[in-house]
Structure formats: C-alpha cells, structure tokens
file structure-v1.pdb (PDB, C-alpha atoms)
ATOM      1  CA  MET E  61       7.271 -16.699  16.786
ATOM      2  CA  ILE E  62       7.503 -14.060  14.058
ATOM      3  CA  ARG E  63       6.409 -10.604  15.137
ATOM      4  CA  SER E  64       4.747  -9.159  12.067
ATOM      5  CA  ASN E  65       5.051  -5.620  13.355
ATOM      6  CA  ALA E  66       8.782  -5.747  14.097
ATOM      7  CA  PRO E  67      10.478  -3.193  11.822
ATOM      8  CA  ASP E  68      13.106  -5.684  10.657
ATOM      9  CA  SER E  69      10.738  -8.609  10.073
ATOM     10  CA  LEU E  70      10.275 -10.254   6.716
ATOM     11  CA  ILE E  71       6.663  -9.065   6.721
ATOM     12  CA  ALA E  72       7.794  -5.461   7.233
ATOM     13  CA  GLU E  73      10.222  -5.824   4.324
ATOM     14  CA  ALA E  74       7.485  -7.287   2.133
ATOM     15  CA  ASN E  75       5.179  -4.396   3.057
ATOM     16  CA  LEU E  76       7.847  -1.882   2.046
ATOM     17  CA  ALA E  77       8.376  -3.662  -1.276
ATOM     18  CA  PHE E  78       4.624  -3.706  -1.921
ATOM     19  CA  GLU E  79       4.356  -0.001  -1.135
ATOM     20  CA  ALA E  80       7.202   0.757  -3.541
ATOM     21  CA  ALA E  81       5.514  -1.292  -6.277
ATOM     22  CA  CYS E  82       2.214   0.522  -5.661
ATOM     23  CA  ARG E  83       3.926   3.894  -5.948
ATOM     24  CA  ILE E  84       5.503   2.847  -9.266
ATOM     25  CA  VAL E  85       2.110   1.752 -10.628
ATOM     26  CA  ILE E  86       0.534   5.016  -9.489
ATOM     27  CA  GLN E  87       3.307   7.084 -11.079
ATOM     28  CA  ARG E  88       2.994   5.199 -14.385
ATOM     29  CA  ALA E  89      -0.773   5.712 -14.385
ATOM     30  CA  ARG E  90      -0.234   9.427 -13.769
ATOM     31  CA  GLN E  91       2.297   9.665 -16.607
ATOM     32  CA  SER E  92       0.101   7.786 -19.069
ATOM     33  CA  GLY E  93      -3.191   9.360 -17.998
ATOM     34  CA  THR E  94      -4.774   6.004 -17.244
ATOM     35  CA  GLU E  95      -6.807   4.516 -14.431
ATOM     36  CA  ILE E  96      -5.556   1.799 -12.102
ATOM     37  CA  VAL E  97      -7.693  -1.327 -12.295
ATOM     38  CA  ILE E  98      -8.075  -3.444  -9.159
ATOM     39  CA  TRP E  99     -10.266  -6.305  -7.974
ATOM     40  CA  ARG E 100     -12.307  -5.422  -4.891
ATOM     41  CA  ASP E 101     -15.181  -7.329  -3.304
ATOM     42  CA  GLY E 102     -15.676  -9.486  -6.377
ATOM     43  CA  GLN E 103     -15.795  -6.562  -8.799
ATOM     44  CA  ILE E 104     -13.456  -4.741 -11.142
ATOM     45  CA  VAL E 105     -12.843  -1.200  -9.865
ATOM     46  CA  GLU E 106     -11.053   1.642 -11.656
ATOM     47  CA  LEU E 107      -9.189   4.180  -9.516
ATOM     48  CA  SER E 108      -7.611   7.439 -10.568
ATOM     49  CA  PRO E 109      -3.984   7.837  -9.520
ATOM     50  CA  GLU E 110      -5.178  10.316  -6.875
ATOM     51  CA  GLU E 111      -7.707   7.831  -5.466
ATOM     52  CA  ALA E 112      -5.077   5.083  -5.442
ATOM     53  CA  THR E 113      -2.611   7.363  -3.636
ATOM     54  CA  ALA E 114      -5.227   8.262  -1.017
ATOM     55  CA  GLU E 115      -6.070   4.582  -0.439
ATOM     56  CA  LEU E 116      -2.403   3.615  -0.198
ATOM     57  CA  GLU E 117      -1.671   6.370   2.332
ATOM     58  CA  ALA E 118      -4.771   5.457   4.361
ATOM     59  CA  ASN E 119      -3.754   1.790   4.424
ATOM     60  CA  ILE E 120      -0.212   2.682   5.509
ATOM     61  CA  ALA E 121      -1.530   4.953   8.284
ATOM     62  CA  ASN E 122      -3.935   2.250   9.429
ATOM     63  CA  ARG E 123      -1.207  -0.369   9.535
ATOM     64  CA  GLU E 124       1.179   1.956  11.382
ATOM     65  CA  SER E 125      -1.505   2.795  13.948
ATOM     66  CA  MET E 126      -1.649  -0.894  14.863
ATOM     67  CA  ILE E 127       2.088  -1.081  15.636
ATOM     68  CA  PRO E 128       2.839  -0.762  19.364
ATOM     69  CA  ASN E 129       4.927   2.300  20.275
ATOM     70  CA  ASN E 130       7.944   0.282  21.375
ATOM     71  CA  THR E 131       8.480  -1.246  17.901
ATOM     72  CA  LYS E 132       8.105   1.861  15.710
TER      73      LYS E 132
END
call {"tool": "encode", "arguments": {"input": "structure-v1.pdb", "output": "structure tokens"}}
result
Amino acid sequence: MIRSNAPDSLIAEANLAFEAACRIVIQRARQSGTEIVIWRDGQIVELSPEEATAELEANIANRESMIPNNTK
C-alpha cells in the first residue's frame, strides 16, 4: 500500500514538483503584469499573482495539516 503522506512517496514528490511549477507561473505573471487563468467549478477564473500565492500557500498548509505528526 502506498502511503500518500509519506515524505518520500511518489505522491509527495509530485506535490513538490507541482508547487514548484505553480511558483514559476506566479513569478512569470508577476514579471509580466498578467493574471493567472484557471478553471474552477466549470468557469474560467482570473487570479492576480497575489491571489494565486495566497491560494497555493493555503492549499499547502491544508495538505500539511492532514499529515500525521510521525511522518512530517
């Protein structure tokens, strides 16, 4: 059985890669002064780089809060 919250799991590595990609997109949007366009709940949504950063950090905190203490 794969433990998705194990720090060395493939899922953990994929999460880290996704976070890095998100940070690159946010930085490029900041540099170019553009919005970040996402698909949410069946609609196109535009986020400022600041909104995208806040959502990313909130999602990371939420995910980390679900990891049991012995695997952090």
call {"tool": "resolve_selection", "arguments": {"input": "structure-v1.pdb", "expression": "the PyMOL selection byres ((chain E and resi 102-109) around 12)", "output": "VMD selection string"}}
result
chain E and resid 82 to 101 110 to 116
call {"tool": "atom_distance", "arguments": {"input": "structure-v1.pdb", "atom1": "CA of Arg123 (chain E)", "atom2": "CA of Ala72 (chain E)"}}
result
10.6 Å
call {"tool": "atom_distance", "arguments": {"input": "structure-v1.pdb", "atom1": "CA of Ile120 (chain E)", "atom2": "CA of Phe78 (chain E)"}}
result
10.9 Å
call {"tool": "atom_distance", "arguments": {"input": "structure-v1.pdb", "atom1": "CA of Ala81 (chain E)", "atom2": "CA of Pro128 (chain E)"}}
result
25.8 Å
